[in-house]
Amino acid sequence: MNTSTPESSAPLTQDQLKTLVGQAALRYVVPGEIVGVGTGSTVNKFIDALATIKDQIKGAVSSSVASTQRLLALGIPVFDANDVQELAVYIDGADEIDGQGNMIKGGGAALTREKVVAAQSRTFVCIADESKLVPVLGHFPLPVEVIPMAAQRIMRQFEALGGRAQIRLKDGSPLVTDNGLILLDVRGLQISDPLAFETEVSQWPGVLTVGVFACQKAQVCLLGTAQGVRTITY
Ligand code: 5RP
């Protein structure tokens, strides 16, 4: 465990905790290499920090259109995942992380590309504020990216597991992901065996990606706490 003390005694806001862990993640970036970059408000802090050392890296592989736009705007080259064999490190946030490094991801709708980039990375470093640490995954609605024609059947399959699935909307219409598909958000699940759950749901016809990251779990979590950045390794 590695703990640093914040400078002010006033409680840090969630935004300040995100900034802290985003900056702390810089120590995992390997000079001269390409870094895997996730998606979300915490990762945006990391991207901003990464821009300060952009001359020391080759560039990034990005997990979403939004992160790509932010990286490019800050002058960080973005490589196609197909043009890179293996990444030393992938930095991303999470909606929930448990005591073993399993996560729920996809609150920002980027779960599929996040899983793809995580899969080609040797080390997953999760950056999160302490509200994300949970004993059991499932309080956060589980995102699942699906093919539209399979949505209703998959929703019934989740009902059979005790979940309540809804299609994620944006401006009153189904949100369309970067991959042109739609998302379900499933409430009411208690995911006590994330690896078994991910393995099963990933095989349901029409599921592109389930937002449980157990096969691609974190090896490190940089957790923003009132006492500073806590480093957890799994
Ligand atoms: C996006 C994600 C994000 O990592 C997750 O939603 C956490 O986001 P934030 O850092 O904004 O809390 O999985 O698909």
# chains A, B, ... in the order shown; residues from 1 in each chain; ligands from 1

call {"tool": "residues_around", "arguments": {"residues": "region 27-37 of chain A", "least_positions_apart": "2", "cutoff": "8 Å", "atoms": "only C-alpha atoms", "output": "MDAnalysis selection string"}}
result
chainID A and resid 24:25 39 43 47 56:63 67 87:92 117:118 121 125

call {"tool": "residues_around", "arguments": {"residues": "Ile147 (chain A)", "least_positions_apart": "6", "cutoff": "7 Å", "atoms": "only C-alpha atoms", "output": "ChimeraX atom specification"}}
result
/A:181-182,206-207

call {"tool": "write_last_selection", "arguments": {"atoms": "all heavy atoms", "output": "PDB file, in the first residue's frame"}}
result
ATOM      1  N   LEU A 181     -24.297   0.029 -31.800  1.00  0.00           N
ATOM      2  CA  LEU A 181     -25.252  -0.862 -31.125  1.00  0.00           C
ATOM      3  C   LEU A 181     -25.921  -0.129 -29.962  1.00  0.00           C
ATOM      4  O   LEU A 181     -25.752   1.079 -29.812  1.00  0.00           O
ATOM      5  CB  LEU A 181     -24.529  -2.129 -30.654  1.00  0.00           C
ATOM      6  CG  LEU A 181     -23.889  -2.954 -31.780  1.00  0.00           C
ATOM      7  CD1 LEU A 181     -23.239  -4.203 -31.216  1.00  0.00           C
ATOM      8  CD2 LEU A 181     -24.918  -3.323 -32.843  1.00  0.00           C
ATOM      9  N   ILE A 182     -26.690  -0.872 -29.153  1.00  0.00           N
ATOM     10  CA  ILE A 182     -27.396  -0.244 -28.029  1.00  0.00           C
ATOM     11  C   ILE A 182     -26.933  -0.863 -26.714  1.00  0.00           C
ATOM     12  O   ILE A 182     -26.258  -1.898 -26.704  1.00  0.00           O
ATOM     13  CB  ILE A 182     -28.931  -0.359 -28.178  1.00  0.00           C
ATOM     14  CG1 ILE A 182     -29.366  -1.831 -28.151  1.00  0.00           C
ATOM     15  CG2 ILE A 182     -29.398   0.353 -29.445  1.00  0.00           C
ATOM     16  CD1 ILE A 182     -30.885  -1.994 -28.030  1.00  0.00           C
ATOM     17  N   GLY A 206     -26.354 -12.405 -29.201  1.00  0.00           N
ATOM     18  CA  GLY A 206     -26.755 -10.997 -29.281  1.00  0.00           C
ATOM     19  C   GLY A 206     -26.023 -10.102 -28.309  1.00  0.00           C
ATOM     20  O   GLY A 206     -26.093  -8.873 -28.429  1.00  0.00           O
ATOM     21  N   VAL A 207     -25.334 -10.695 -27.335  1.00  0.00           N
ATOM     22  CA  VAL A 207     -24.526  -9.873 -26.416  1.00  0.00           C
ATOM     23  C   VAL A 207     -23.182  -9.600 -27.079  1.00  0.00           C
ATOM     24  O   VAL A 207     -22.469 -10.527 -27.455  1.00  0.00           O
ATOM     25  CB  VAL A 207     -24.304 -10.598 -25.065  1.00  0.00           C
ATOM     26  CG1 VAL A 207     -23.257  -9.861 -24.229  1.00  0.00           C
ATOM     27  CG2 VAL A 207     -25.617 -10.706 -24.297  1.00  0.00           C
TER      28      VAL A 207
END

call {"tool": "residues_near_ligand", "arguments": {"ligand": "ligand 1", "cutoff": "7 Å", "atoms": "only C-alpha atoms and all ligand atoms", "output": "list in words"}}
result
Gly38, Thr39, Gly40, Ser41, Thr42, Val43, Asp92, Gly93, Ala94, Asp95, Lys105, Gly106, Gly107, Gly108, Ala109, Ala110, Leu111 and Ala128 of chain A

call {"tool": "select_by_dssp", "arguments": {"residues": "region 24-215 of chain A", "states": "alpha helix (DSSP H)", "output": "ChimeraX atom specification"}}
result
/A:24,41-50,65-73,111-119,151-160,194-201

call {"tool": "write_last_selection", "arguments": {"atoms": "N, CA and C atoms", "output": "CSV table (one decimal), in the first residue's frame"}}
result
chain,number,residue,atom,x,y,z
A,24,ALA,N,-1.6,10.5,-10.4
A,24,ALA,CA,-0.8,9.4,-9.8
A,24,ALA,C,-0.5,8.3,-10.9
A,41,SER,N,-14.8,10.4,-16.9
A,41,SER,CA,-14.3,11.7,-16.2
A,41,SER,C,-13.0,11.5,-15.5
A,42,THR,N,-12.8,10.4,-14.9
A,42,THR,CA,-11.5,10.1,-14.2
A,42,THR,C,-10.3,10.0,-15.2
A,43,VAL,N,-10.6,9.3,-16.3
A,43,VAL,CA,-9.6,9.2,-17.4
A,43,VAL,C,-9.3,10.5,-18.0
A,44,ASN,N,-10.3,11.4,-18.1
A,44,ASN,CA,-10.0,12.7,-18.6
A,44,ASN,C,-9.0,13.5,-17.8
A,45,LYS,N,-9.0,13.2,-16.5
A,45,LYS,CA,-7.9,13.8,-15.7
A,45,LYS,C,-6.6,13.2,-16.0
A,46,PHE,N,-6.6,11.9,-16.2
A,46,PHE,CA,-5.3,11.2,-16.6
A,46,PHE,C,-4.8,11.8,-18.0
A,47,ILE,N,-5.7,11.9,-18.9
A,47,ILE,CA,-5.3,12.4,-20.2
A,47,ILE,C,-4.7,13.8,-20.1
A,48,ASP,N,-5.3,14.7,-19.3
A,48,ASP,CA,-4.8,16.0,-19.0
A,48,ASP,C,-3.4,15.9,-18.4
A,49,ALA,N,-3.2,15.0,-17.5
A,49,ALA,CA,-1.8,14.8,-16.9
A,49,ALA,C,-0.9,14.2,-17.9
A,50,LEU,N,-1.4,13.3,-18.8
A,50,LEU,CA,-0.5,12.7,-19.8
A,50,LEU,C,0.0,13.7,-20.8
A,65,VAL,N,-14.4,7.2,-29.0
A,65,VAL,CA,-14.3,8.4,-29.8
A,65,VAL,C,-14.0,9.7,-28.9
A,66,ALA,N,-14.7,9.7,-27.7
A,66,ALA,CA,-14.5,10.9,-26.8
A,66,ALA,C,-13.0,11.0,-26.3
A,67,SER,N,-12.4,9.8,-25.9
A,67,SER,CA,-11.0,9.9,-25.5
A,67,SER,C,-10.1,10.3,-26.6
A,68,THR,N,-10.4,9.7,-27.8
A,68,THR,CA,-9.5,10.0,-29.0
A,68,THR,C,-9.5,11.5,-29.2
A,69,GLN,N,-10.7,12.1,-29.2
A,69,GLN,CA,-10.8,13.5,-29.4
A,69,GLN,C,-10.0,14.3,-28.4
A,70,ARG,N,-10.1,13.9,-27.2
A,70,ARG,CA,-9.4,14.7,-26.1
A,70,ARG,C,-7.9,14.5,-26.3
A,71,LEU,N,-7.5,13.3,-26.6
A,71,LEU,CA,-6.0,13.0,-26.7
A,71,LEU,C,-5.5,13.9,-27.9
A,72,LEU,N,-6.2,13.8,-29.0
A,72,LEU,CA,-5.7,14.6,-30.2
A,72,LEU,C,-5.7,16.1,-29.9
A,73,ALA,N,-6.7,16.5,-29.2
A,73,ALA,CA,-6.8,18.0,-29.0
A,73,ALA,C,-5.6,18.4,-28.1
A,111,LEU,N,-17.7,0.3,-22.9
A,111,LEU,CA,-17.2,-1.0,-22.4
A,111,LEU,C,-16.6,-1.9,-23.4
A,112,THR,N,-17.1,-1.9,-24.6
A,112,THR,CA,-16.5,-2.9,-25.6
A,112,THR,C,-15.1,-2.5,-26.0
A,113,ARG,N,-14.9,-1.3,-26.4
A,113,ARG,CA,-13.5,-0.9,-26.7
A,113,ARG,C,-12.6,-0.9,-25.5
A,114,GLU,N,-13.2,-0.6,-24.4
A,114,GLU,CA,-12.3,-0.7,-23.1
A,114,GLU,C,-11.9,-2.1,-22.9
A,115,LYS,N,-12.8,-3.1,-23.1
A,115,LYS,CA,-12.3,-4.5,-22.9
A,115,LYS,C,-11.3,-4.9,-24.0
A,116,VAL,N,-11.5,-4.4,-25.2
A,116,VAL,CA,-10.5,-4.8,-26.3
A,116,VAL,C,-9.1,-4.2,-25.9
A,117,VAL,N,-9.1,-3.0,-25.5
A,117,VAL,CA,-7.7,-2.4,-25.3
A,117,VAL,C,-7.2,-3.1,-24.0
A,118,ALA,N,-8.0,-3.3,-23.0
A,118,ALA,CA,-7.5,-4.0,-21.8
A,118,ALA,C,-6.9,-5.4,-22.1
A,119,ALA,N,-7.6,-6.0,-23.1
A,119,ALA,CA,-7.1,-7.4,-23.5
A,119,ALA,C,-5.8,-7.4,-24.1
A,151,ALA,N,-32.5,-7.5,-28.0
A,151,ALA,CA,-32.6,-6.8,-26.8
A,151,ALA,C,-33.7,-7.4,-25.9
A,152,GLN,N,-34.9,-7.6,-26.4
A,152,GLN,CA,-36.0,-8.1,-25.5
A,152,GLN,C,-35.7,-9.4,-25.0
A,153,ARG,N,-35.1,-10.3,-25.8
A,153,ARG,CA,-34.8,-11.7,-25.3
A,153,ARG,C,-33.8,-11.6,-24.2
A,154,ILE,N,-32.8,-10.8,-24.4
A,154,ILE,CA,-31.7,-10.7,-23.4
A,154,ILE,C,-32.2,-10.1,-22.1
A,155,MET,N,-33.2,-9.1,-22.3
A,155,MET,CA,-33.8,-8.5,-21.1
A,155,MET,C,-34.5,-9.6,-20.3
A,156,ARG,N,-35.2,-10.5,-21.0
A,156,ARG,CA,-35.9,-11.6,-20.3
A,156,ARG,C,-34.9,-12.5,-19.6
A,157,GLN,N,-33.8,-12.8,-20.3
A,157,GLN,CA,-32.8,-13.6,-19.6
A,157,GLN,C,-32.3,-13.0,-18.3
A,158,PHE,N,-32.1,-11.7,-18.3
A,158,PHE,CA,-31.6,-11.1,-17.1
A,158,PHE,C,-32.7,-11.1,-16.0
A,159,GLU,N,-34.0,-11.0,-16.5
A,159,GLU,CA,-35.1,-11.1,-15.5
A,159,GLU,C,-35.1,-12.5,-14.8
A,160,ALA,N,-34.7,-13.5,-15.6
A,160,ALA,CA,-34.7,-14.9,-15.0
A,160,ALA,C,-33.6,-15.0,-14.0
A,194,PRO,N,-17.9,-13.0,-10.3
A,194,PRO,CA,-17.8,-12.2,-11.5
A,194,PRO,C,-17.3,-12.9,-12.7
A,195,LEU,N,-16.3,-13.8,-12.5
A,195,LEU,CA,-15.7,-14.6,-13.6
A,195,LEU,C,-16.8,-15.5,-14.3
A,196,ALA,N,-17.5,-16.2,-13.4
A,196,ALA,CA,-18.5,-17.1,-13.9
A,196,ALA,C,-19.6,-16.3,-14.6
A,197,PHE,N,-20.0,-15.2,-14.0
A,197,PHE,CA,-21.1,-14.4,-14.6
A,197,PHE,C,-20.7,-13.8,-16.0
A,198,GLU,N,-19.5,-13.3,-16.0
A,198,GLU,CA,-19.0,-12.8,-17.3
A,198,GLU,C,-18.9,-13.9,-18.4
A,199,THR,N,-18.4,-15.0,-18.0
A,199,THR,CA,-18.3,-16.1,-18.9
A,199,THR,C,-19.7,-16.5,-19.5
A,200,GLU,N,-20.6,-16.6,-18.6
A,200,GLU,CA,-22.0,-17.1,-19.0
A,200,GLU,C,-22.6,-16.0,-19.9
A,201,VAL,N,-22.7,-14.8,-19.4
A,201,VAL,CA,-23.5,-13.8,-20.2
A,201,VAL,C,-22.8,-13.4,-21.5

call {"tool": "atom_distance", "arguments": {"atom1": "CA of Leu223 (chain A)", "atom2": "CA of Ile97 (chain A)"}}
result
10.0 Å

call {"tool": "atom_distance", "arguments": {"atom1": "CA of Leu184 (chain A)", "atom2": "CA of Lys170 (chain A)"}}
result
12.3 Å

call {"tool": "residues_around", "arguments": {"residues": "Ile191 (chain A)", "least_positions_apart": "2", "cutoff": "6 Å", "atoms": "only C-alpha atoms", "output": "list of chain:residue names"}}
result
A:Leu137, A:Gly138, A:Asp193, A:Pro194

call {"tool": "residues_around", "arguments": {"residues": "Ala51 (chain A)", "least_positions_apart": "6", "cutoff": "9 Å", "atoms": "only C-alpha atoms", "output": "list of chain:residue names"}}
result
A:Leu71, A:Leu74, A:Gly75, A:Ile76

call {"tool": "select_by_dssp", "arguments": {"residues": "region 58-195 of chain A", "states": "strand (DSSP E)", "output": "PyMOL selection string"}}
result
chain A and resi 59-62+78-79+87-92+96-97+103-104+121-129+142-146+164-167+169-170+173-174+182-187

call {"tool": "residues_around", "arguments": {"residues": "region 232-234 of chain A", "least_positions_apart": "6", "cutoff": "8 Å", "atoms": "only C-alpha atoms", "output": "number ranges by chain"}}
result
A: 1, 100-101, 218-223

call {"tool": "decode", "arguments": {"residues": "region 70-101 of chain A", "atoms": "N, CA, C and O atoms", "output": "mmCIF file, in the first residue's frame"}}
result
data_model
loop_
_atom_site.group_PDB
_atom_site.id
_atom_site.type_symbol
_atom_site.label_atom_id
_atom_site.label_comp_id
_atom_site.auth_asym_id
_atom_site.auth_seq_id
_atom_site.Cartn_x
_atom_site.Cartn_y
_atom_site.Cartn_z
ATOM 1 N N ARG A 70 -10.111 13.925 -27.152
ATOM 2 C CA ARG A 70 -9.393 14.670 -26.099
ATOM 3 C C ARG A 70 -7.888 14.497 -26.251
ATOM 4 O O ARG A 70 -7.117 15.454 -26.108
ATOM 5 N N LEU A 71 -7.454 13.268 -26.563
ATOM 6 C CA LEU A 71 -6.016 13.012 -26.741
ATOM 7 C C LEU A 71 -5.474 13.856 -27.896
ATOM 8 O O LEU A 71 -4.430 14.512 -27.768
ATOM 9 N N LEU A 72 -6.177 13.824 -29.011
ATOM 10 C CA LEU A 72 -5.697 14.552 -30.196
ATOM 11 C C LEU A 72 -5.680 16.058 -29.938
ATOM 12 O O LEU A 72 -4.744 16.757 -30.349
ATOM 13 N N ALA A 73 -6.703 16.545 -29.246
ATOM 14 C CA ALA A 73 -6.772 17.985 -28.964
ATOM 15 C C ALA A 73 -5.579 18.435 -28.123
ATOM 16 O O ALA A 73 -5.151 19.589 -28.199
ATOM 17 N N LEU A 74 -5.043 17.502 -27.326
ATOM 18 C CA LEU A 74 -3.895 17.842 -26.474
ATOM 19 C C LEU A 74 -2.565 17.468 -27.131
ATOM 20 O O LEU A 74 -1.512 17.516 -26.493
ATOM 21 N N GLY A 75 -2.626 17.057 -28.389
ATOM 22 C CA GLY A 75 -1.386 16.796 -29.135
ATOM 23 C C GLY A 75 -0.770 15.434 -28.871
ATOM 24 O O GLY A 75 0.428 15.233 -29.100
ATOM 25 N N ILE A 76 -1.573 14.481 -28.396
ATOM 26 C CA ILE A 76 -1.067 13.123 -28.141
ATOM 27 C C ILE A 76 -1.479 12.235 -29.316
ATOM 28 O O ILE A 76 -2.684 12.081 -29.581
ATOM 29 N N PRO A 77 -0.515 11.644 -30.052
ATOM 30 C CA PRO A 77 -0.875 10.810 -31.199
ATOM 31 C C PRO A 77 -1.699 9.596 -30.766
ATOM 32 O O PRO A 77 -1.442 9.004 -29.716
ATOM 33 N N VAL A 78 -2.690 9.233 -31.588
ATOM 34 C CA VAL A 78 -3.539 8.075 -31.288
ATOM 35 C C VAL A 78 -3.323 7.009 -32.355
ATOM 36 O O VAL A 78 -3.447 7.285 -33.553
ATOM 37 N N PHE A 79 -3.001 5.797 -31.902
ATOM 38 C CA PHE A 79 -2.748 4.674 -32.810
ATOM 39 C C PHE A 79 -3.970 3.769 -32.869
ATOM 40 O O PHE A 79 -4.679 3.590 -31.875
ATOM 41 N N ASP A 80 -4.182 3.159 -34.044
ATOM 42 C CA ASP A 80 -5.213 2.131 -34.190
ATOM 43 C C ASP A 80 -4.770 0.896 -33.405
ATOM 44 O O ASP A 80 -3.595 0.497 -33.481
ATOM 45 N N ALA A 81 -5.699 0.285 -32.684
ATOM 46 C CA ALA A 81 -5.358 -0.920 -31.893
ATOM 47 C C ALA A 81 -4.764 -2.016 -32.780
ATOM 48 O O ALA A 81 -3.920 -2.796 -32.344
ATOM 49 N N ASN A 82 -5.180 -2.071 -34.038
ATOM 50 C CA ASN A 82 -4.682 -3.102 -34.953
ATOM 51 C C ASN A 82 -3.207 -2.917 -35.321
ATOM 52 O O ASN A 82 -2.565 -3.849 -35.784
ATOM 53 N N ASP A 83 -2.709 -1.716 -35.130
ATOM 54 C CA ASP A 83 -1.320 -1.432 -35.506
ATOM 55 C C ASP A 83 -0.353 -1.604 -34.336
ATOM 56 O O ASP A 83 0.836 -1.316 -34.461
ATOM 57 N N VAL A 84 -0.874 -2.059 -33.204
ATOM 58 C CA VAL A 84 -0.048 -2.214 -31.998
ATOM 59 C C VAL A 84 -0.254 -3.632 -31.485
ATOM 60 O O VAL A 84 -1.389 -4.083 -31.352
ATOM 61 N N GLN A 85 0.867 -4.327 -31.195
ATOM 62 C CA GLN A 85 0.713 -5.719 -30.747
ATOM 63 C C GLN A 85 0.302 -5.814 -29.294
ATOM 64 O O GLN A 85 -0.687 -6.420 -28.945
ATOM 65 N N GLU A 86 1.115 -5.218 -28.435
ATOM 66 C CA GLU A 86 0.853 -5.347 -27.000
ATOM 67 C C GLU A 86 1.174 -4.028 -26.320
ATOM 68 O O GLU A 86 2.142 -3.357 -26.683
ATOM 69 N N LEU A 87 0.353 -3.691 -25.355
ATOM 70 C CA LEU A 87 0.589 -2.463 -24.593
ATOM 71 C C LEU A 87 1.087 -2.843 -23.202
ATOM 72 O O LEU A 87 0.605 -3.821 -22.609
ATOM 73 N N ALA A 88 2.029 -2.066 -22.680
ATOM 74 C CA ALA A 88 2.533 -2.358 -21.330
ATOM 75 C C ALA A 88 1.443 -2.086 -20.300
ATOM 76 O O ALA A 88 1.271 -2.838 -19.344
ATOM 77 N N VAL A 89 0.683 -1.022 -20.523
ATOM 78 C CA VAL A 89 -0.260 -0.628 -19.479
ATOM 79 C C VAL A 89 -1.518 -0.004 -20.082
ATOM 80 O O VAL A 89 -1.457 0.657 -21.125
ATOM 81 N N TYR A 90 -2.626 -0.282 -19.425
ATOM 82 C CA TYR A 90 -3.912 0.311 -19.775
ATOM 83 C C TYR A 90 -4.431 1.039 -18.536
ATOM 84 O O TYR A 90 -4.516 0.451 -17.452
ATOM 85 N N ILE A 91 -4.773 2.301 -18.696
ATOM 86 C CA ILE A 91 -5.262 3.111 -17.572
ATOM 87 C C ILE A 91 -6.734 3.419 -17.817
ATOM 88 O O ILE A 91 -7.084 3.994 -18.858
ATOM 89 N N ASP A 92 -7.589 3.053 -16.865
ATOM 90 C CA ASP A 92 -9.011 3.314 -17.055
ATOM 91 C C ASP A 92 -9.708 3.417 -15.696
ATOM 92 O O ASP A 92 -9.191 2.949 -14.682
ATOM 93 N N GLY A 93 -10.879 4.000 -15.706
ATOM 94 C CA GLY A 93 -11.705 4.112 -14.513
ATOM 95 C C GLY A 93 -12.614 2.906 -14.369
ATOM 96 O O GLY A 93 -12.495 1.914 -15.101
ATOM 97 N N ALA A 94 -13.523 2.989 -13.413
ATOM 98 C CA ALA A 94 -14.497 1.911 -13.204
ATOM 99 C C ALA A 94 -15.730 2.496 -12.537
ATOM 100 O O ALA A 94 -15.662 3.532 -11.872
ATOM 101 N N ASP A 95 -16.842 1.809 -12.725
ATOM 102 C CA ASP A 95 -18.059 2.191 -12.007
ATOM 103 C C ASP A 95 -18.114 1.514 -10.648
ATOM 104 O O ASP A 95 -18.641 2.066 -9.693
ATOM 105 N N GLU A 96 -17.558 0.304 -10.573
ATOM 106 C CA GLU A 96 -17.383 -0.401 -9.302
ATOM 107 C C GLU A 96 -16.134 -1.270 -9.416
ATOM 108 O O GLU A 96 -15.827 -1.790 -10.492
ATOM 109 N N ILE A 97 -15.451 -1.439 -8.277
ATOM 110 C CA ILE A 97 -14.324 -2.386 -8.229
ATOM 111 C C ILE A 97 -14.402 -3.116 -6.897
ATOM 112 O O ILE A 97 -14.681 -2.504 -5.862
ATOM 113 N N ASP A 98 -14.193 -4.435 -6.954
ATOM 114 C CA ASP A 98 -14.284 -5.207 -5.708
ATOM 115 C C ASP A 98 -12.888 -5.509 -5.149
ATOM 116 O O ASP A 98 -11.871 -5.059 -5.700
ATOM 117 N N GLY A 99 -12.838 -6.265 -4.095
ATOM 118 C CA GLY A 99 -11.593 -6.530 -3.388
ATOM 119 C C GLY A 99 -10.609 -7.396 -4.147
ATOM 120 O O GLY A 99 -9.464 -7.561 -3.722
ATOM 121 N N GLN A 100 -11.052 -7.961 -5.266
ATOM 122 C CA GLN A 100 -10.144 -8.787 -6.087
ATOM 123 C C GLN A 100 -9.748 -8.082 -7.388
ATOM 124 O O GLN A 100 -9.045 -8.670 -8.212
ATOM 125 N N GLY A 101 -10.227 -6.878 -7.618
ATOM 126 C CA GLY A 101 -9.893 -6.162 -8.856
ATOM 127 C C GLY A 101 -10.886 -6.395 -9.981
ATOM 128 O O GLY A 101 -10.689 -5.904 -11.100
#
